[in-house]
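Source file protein_3.cif; content: mmCIF, C-alpha atoms.
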```
data_data
loop_
_atom_site.label_atom_id
_atom_site.label_comp_id
_atom_site.auth_asym_id
_atom_site.auth_seq_id
_atom_site.Cartn_x
_atom_site.Cartn_y
_atom_site.Cartn_z
CA MET A 1 0.00 0.00 0.00
CA PHE A 2 2.75 2.44 0.93
CA PHE A 3 4.57 1.56 -2.29
CA ASN A 4 1.49 2.68 -4.28
CA TYR A 5 1.63 6.11 -2.63
CA ILE A 6 5.26 6.52 -3.63
CA LYS A 7 4.48 5.26 -7.12
CA GLU A 8 1.55 7.71 -7.37
CA PHE A 9 3.81 10.62 -6.39
CA ILE A 10 6.55 9.70 -8.88
CA LEU A 11 4.08 9.03 -11.71
CA LYS A 12 2.43 12.42 -11.18
CA LYS A 13 5.85 14.05 -11.56
CA ILE A 14 6.34 12.14 -14.83
CA VAL A 15 2.89 13.25 -16.05
CA LYS A 16 3.67 16.89 -15.27
CA LYS A 17 6.94 16.62 -17.20
CA LYS A 18 5.14 15.11 -20.19
CA LEU A 19 2.52 17.84 -20.08
CA LEU A 20 5.20 20.51 -20.32
CA ASN A 21 6.46 18.99 -23.58
CA ASP A 22 3.00 18.22 -24.98
CA LYS A 23 1.84 20.27 -27.95
CA ALA A 24 -1.84 20.49 -28.83
CA ILE A 25 -2.70 19.34 -32.33
CA VAL A 26 -5.80 20.78 -33.93
CA ASN A 27 -7.57 18.78 -36.59
CA THR A 28 -10.95 18.83 -38.29
CA LYS A 29 -11.19 15.09 -38.85
CA LYS A 30 -14.53 13.39 -38.17
CA ILE A 31 -14.66 10.98 -35.24
CA ASN A 32 -14.73 7.32 -36.21
CA SER A 33 -12.82 5.63 -33.38
CA VAL A 34 -13.24 6.23 -29.66
CA GLY A 35 -11.20 5.21 -26.64
CA LEU A 36 -12.97 5.21 -23.29
CA LEU A 37 -10.83 5.37 -20.16
CA LEU A 38 -12.68 4.58 -16.93
CA ASP A 39 -11.92 4.61 -13.23
CA GLU A 40 -13.28 1.71 -11.15
CA LYS A 41 -16.03 3.95 -9.73
CA GLN A 42 -17.40 4.50 -13.24
CA PHE A 43 -17.33 0.85 -14.46
CA GLN A 44 -21.11 0.71 -14.02
CA PHE A 45 -21.60 3.30 -16.77
CA CYS A 46 -19.54 1.51 -19.42
CA ASN A 47 -22.43 -0.19 -21.24
CA GLN A 48 -24.62 2.92 -21.21
CA ILE A 49 -21.82 5.14 -22.54
CA THR A 50 -21.02 2.62 -25.27
CA LYS A 51 -24.71 2.47 -26.30
CA GLU A 52 -24.91 6.27 -26.46
CA LEU A 53 -21.77 6.40 -28.63
CA VAL A 54 -23.26 3.80 -30.99
CA ASN A 55 -26.52 5.82 -31.12
CA ALA A 56 -24.44 8.85 -32.08
CA GLY A 57 -23.16 6.99 -35.15
CA ILE A 58 -19.90 5.45 -33.99
CA SER A 59 -19.44 1.81 -34.92
CA GLU A 60 -19.37 -0.50 -31.90
CA ASN A 61 -16.21 -2.23 -33.10
CA GLN A 62 -14.49 1.18 -33.21
CA ILE A 63 -15.03 1.74 -29.47
CA GLU A 64 -12.37 0.45 -27.07
CA VAL A 65 -12.60 0.55 -23.30
CA LEU A 66 -9.82 0.44 -20.74
CA GLY A 67 -10.51 0.50 -17.03
CA PHE A 68 -8.37 1.20 -13.98
CA LYS A 69 -8.81 -0.52 -10.64
CA ASN A 70 -6.53 0.11 -7.65
CA LYS A 71 -6.19 -3.60 -6.93
CA ILE A 72 -7.44 -6.45 -9.10
CA ASN A 73 -8.37 -9.67 -7.32
CA LYS A 74 -7.57 -12.93 -9.11
CA ASN A 75 -11.21 -14.06 -9.18
CA GLU A 76 -12.56 -10.85 -10.71
CA THR A 77 -13.58 -10.79 -14.35
CA PHE A 78 -14.43 -7.78 -16.47
CA ASN A 79 -16.06 -7.21 -19.86
CA PHE A 80 -13.15 -5.02 -20.95
CA PRO A 81 -9.40 -4.81 -20.26
CA VAL A 82 -8.54 -3.51 -16.80
CA PHE A 83 -5.17 -2.42 -15.41
CA SER A 84 -3.87 -1.57 -11.96
CA TYR A 85 -0.83 -0.05 -10.31
CA LYS A 86 1.05 -3.26 -11.16
CA SER A 87 0.70 -2.44 -14.89
CA ILE A 88 3.01 0.57 -14.54
CA SER A 89 6.53 0.52 -13.19
CA ILE A 90 7.69 3.21 -10.80
CA ASN A 91 9.53 5.00 -13.63
CA GLY A 92 6.43 5.14 -15.84
CA HIS A 93 7.00 2.17 -18.15
CA PHE A 94 3.99 0.08 -19.08
CA ASN A 95 4.11 -3.71 -18.78
CA ASP A 96 0.61 -4.87 -19.77
CA LYS A 97 -0.12 -5.72 -23.43
CA ASN A 98 -3.74 -4.45 -23.40
CA PHE A 99 -2.51 -1.27 -21.80
CA ILE A 100 0.26 -0.74 -24.38
CA ASP A 101 -2.12 -1.46 -27.28
CA PHE A 102 -4.66 1.06 -25.96
CA ILE A 103 -2.05 3.82 -25.66
CA ALA A 104 -0.61 3.13 -29.12
CA LYS A 105 -3.97 3.35 -30.94
CA PRO A 106 -4.52 6.69 -32.68
CA PHE A 107 -8.12 7.21 -31.54
CA ASP A 108 -10.02 10.10 -33.06
CA LEU A 109 -11.50 10.74 -29.60
CA LEU A 110 -10.36 9.71 -26.12
CA ILE A 111 -12.97 10.08 -23.39
CA ASN A 112 -11.23 10.39 -20.02
CA PHE A 113 -14.18 9.36 -17.86
CA TYR A 114 -12.67 9.86 -14.43
CA GLU A 115 -12.75 12.78 -12.03
CA LEU A 116 -10.01 11.97 -9.52
CA GLU A 117 -6.38 12.67 -10.37
CA LYS A 118 -4.97 9.17 -10.21
CA ALA A 119 -1.51 8.99 -11.70
CA PRO A 120 -2.03 5.77 -13.75
CA LEU A 121 -5.13 7.23 -15.42
CA MET A 122 -3.31 10.47 -16.11
CA MET A 123 -0.34 8.52 -17.56
CA VAL A 124 -2.64 6.75 -20.01
CA SER A 125 -4.29 10.05 -21.00
CA VAL A 126 -1.00 11.85 -21.53
CA SER A 127 0.67 8.92 -23.29
CA SER A 128 -2.26 8.17 -25.59
CA LYS A 129 -1.90 8.86 -29.31
CA ALA A 130 -5.52 10.07 -29.44
CA GLU A 131 -6.06 13.18 -31.53
CA PHE A 132 -8.81 14.76 -29.42
CA LYS A 133 -9.16 14.23 -25.65
CA VAL A 134 -12.24 15.02 -23.61
CA GLY A 135 -12.62 14.88 -19.84
CA PHE A 136 -13.78 16.48 -16.64
CA GLY A 137 -12.77 19.82 -15.17
CA SER A 138 -11.70 18.29 -11.87
CA VAL A 139 -8.64 16.71 -13.53
CA ASP A 140 -5.55 18.66 -14.63
CA LYS A 141 -6.86 20.85 -17.46
CA ARG A 142 -3.74 20.36 -19.59
CA ILE A 143 -4.57 16.69 -20.17
CA ASN A 144 -7.73 17.27 -22.19
CA ASN A 145 -8.40 19.34 -25.31
CA PHE A 146 -12.01 19.81 -24.26
CA ILE A 147 -13.42 19.92 -20.73
CA ILE A 148 -16.99 19.32 -19.65
CA ASP A 149 -17.71 20.46 -16.12
CA THR A 150 -20.22 17.98 -14.74
CA GLU A 151 -20.35 15.00 -12.39
CA THR A 152 -19.36 11.50 -13.52
CA ASN A 153 -22.55 10.11 -11.98
CA ASP A 154 -24.55 12.08 -14.54
CA TYR A 155 -23.06 10.49 -17.65
CA LYS A 156 -26.08 11.49 -19.82
CA VAL A 157 -25.43 15.20 -19.28
CA PHE A 158 -21.75 14.65 -20.05
CA LEU A 159 -22.53 12.82 -23.29
CA ASN A 160 -25.25 15.31 -24.35
CA GLU A 161 -22.81 18.19 -23.91
CA LEU A 162 -20.07 16.24 -25.66
CA PHE A 163 -22.24 15.44 -28.69
CA LYS A 164 -23.56 19.00 -28.84
CA TYR A 165 -20.06 20.48 -29.03
CA LEU A 166 -18.72 17.78 -31.35
CA LYS A 167 -21.50 18.73 -33.79
CA ILE A 168 -20.59 22.40 -33.46
CA LEU A 169 -16.92 21.54 -34.09
CA ASN A 170 -18.07 19.47 -37.10
CA LYS A 171 -16.47 16.31 -35.71
CA LEU A 172 -19.60 14.20 -35.51
#
```
For the structure just supplied, provide its representation as structure tokens.
Amino acid sequence: MFFNYIKEFILKKIVKKKLLNDKAIVNTKKINSVGLLLDEKQFQFCNQITKELVNAGISENQIEVLGFKNKINKNETFNFPVFSYKSISINGHFNDKNFIDFIAKPFDLLINFYELEKAPLMMVSVSSKAEFKVGFGSVDKRINNFIIDTETNDYKVFLNELFKYLKILNKL
């Protein structure tokens, strides 16, 4: 447990360093592929969010989900890939194949559906090759290109606002 606190501290320093060197890329490309990054407290909304994305015109096979859980028990099973603190080394290297594949994919949109600043989630967001990143205002504002200030429990409001602005930006 104490090791995770140290790891969290070091990973946040790495994230801040990456954010200093990060340059925003503006594009007008339509959204075809979506990455959804969830914290364990938002796992319950995964199916609803995916359905809403499909209703908005995004193909279901173009939606990928990655979840974060502080500690994964051996008997637990999930409908999507899940990573934990063990998936990241203390110096910020990733050692889980699903995790590495998710980061390497050039999603048109990455939805950072978490509201607490957990270093592993922030590492995925910063390291992702996604072209357009959307998230909540409670997380470091430099991580996302677009911020929607609402609660994670009210995912419908989040998605309605997201779709409204994506239409305005001519991305949907």
**OP:** Name the residues that the PyMOL selection byres ((chain A and resi 156-170) around 9) pulls out of this structure, and write them as a PyMOL selection string.
**Re:** chain A and resi 28-31+48-49+52-53+56+134+136+146+148-155+171-172
Tell me which protein, DNA and RNA residues are within 10 Å of Lys118 (chain A), counting only C-alpha atoms, leaving out same-chain ones fewer than 4 positions away, and put them as a PDB file with C-alpha atoms, in the coordinates of the input.
```pdb
ATOM      1  CA  GLU A   8       1.550   7.710  -7.370  1.00  0.00           C
ATOM      2  CA  PHE A   9       3.810  10.620  -6.390  1.00  0.00           C
ATOM      3  CA  LEU A  11       4.080   9.030 -11.710  1.00  0.00           C
ATOM      4  CA  LYS A  12       2.430  12.420 -11.180  1.00  0.00           C
ATOM      5  CA  ASP A  39     -11.920   4.610 -13.230  1.00  0.00           C
ATOM      6  CA  PHE A  68      -8.370   1.200 -13.980  1.00  0.00           C
ATOM      7  CA  ASN A  70      -6.530   0.110  -7.650  1.00  0.00           C
ATOM      8  CA  TYR A 114     -12.670   9.860 -14.430  1.00  0.00           C
ATOM      9  CA  MET A 122      -3.310  10.470 -16.110  1.00  0.00           C
ATOM     10  CA  MET A 123      -0.340   8.520 -17.560  1.00  0.00           C
ATOM     11  CA  VAL A 139      -8.640  16.710 -13.530  1.00  0.00           C
TER      12      VAL A 139
END
```
Subject >> Nearest residue to Lys41 (chain A) from the set A:Glu115, A:Phe132, A:Ile103, A:Ile10 (distances using all atoms listed in the file) >> reply: A:Glu115
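Across A:Leu110, A:Glu60, A:Ser84, A:Arg142, the tightest approach to Lys129 (chain A) is made by A:Leu110 when counting only C-alpha atoms.
Rounded to one decimal, CA of Leu37 (chain A) and CA of Asn91 (chain A) lie 21.4 Å from each other.
CA of Phe113 (chain A) sits 6.9 Å away from CA of Leu36 (chain A).
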Adding 3 Å on each side of the box along x, y and z that holds all listed atoms of region 78-83 of chain A, could you give its centre and edge lengths in Å to one decimal, as lines of an AutoDock Vina configuration file?
```
center_x = -10.6
center_y = -5.1
center_z = -18.2
size_x = 16.9
size_y = 11.4
size_z = 11.5
```
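For the atom pair formed by CA of Gly67 (chain A) and CA of Gln42 (chain A), the distance is 8.8 Å, given to one decimal.
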Original post:
Near Asn73 (chain A), within 12 Å and counting all atoms listed in the file, which residues show up once chain neighbours fewer than 4 positions away are dropped, as JSON, numbers by chain?
Top reply: {"A": [69, 77, 78, 82, 83, 84]}
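Nearest residue to Asn98 (chain A), choosing from A:Leu121, A:Val65, A:Ile72, A:Ala130 and counting only C-alpha atoms: A:Val65.
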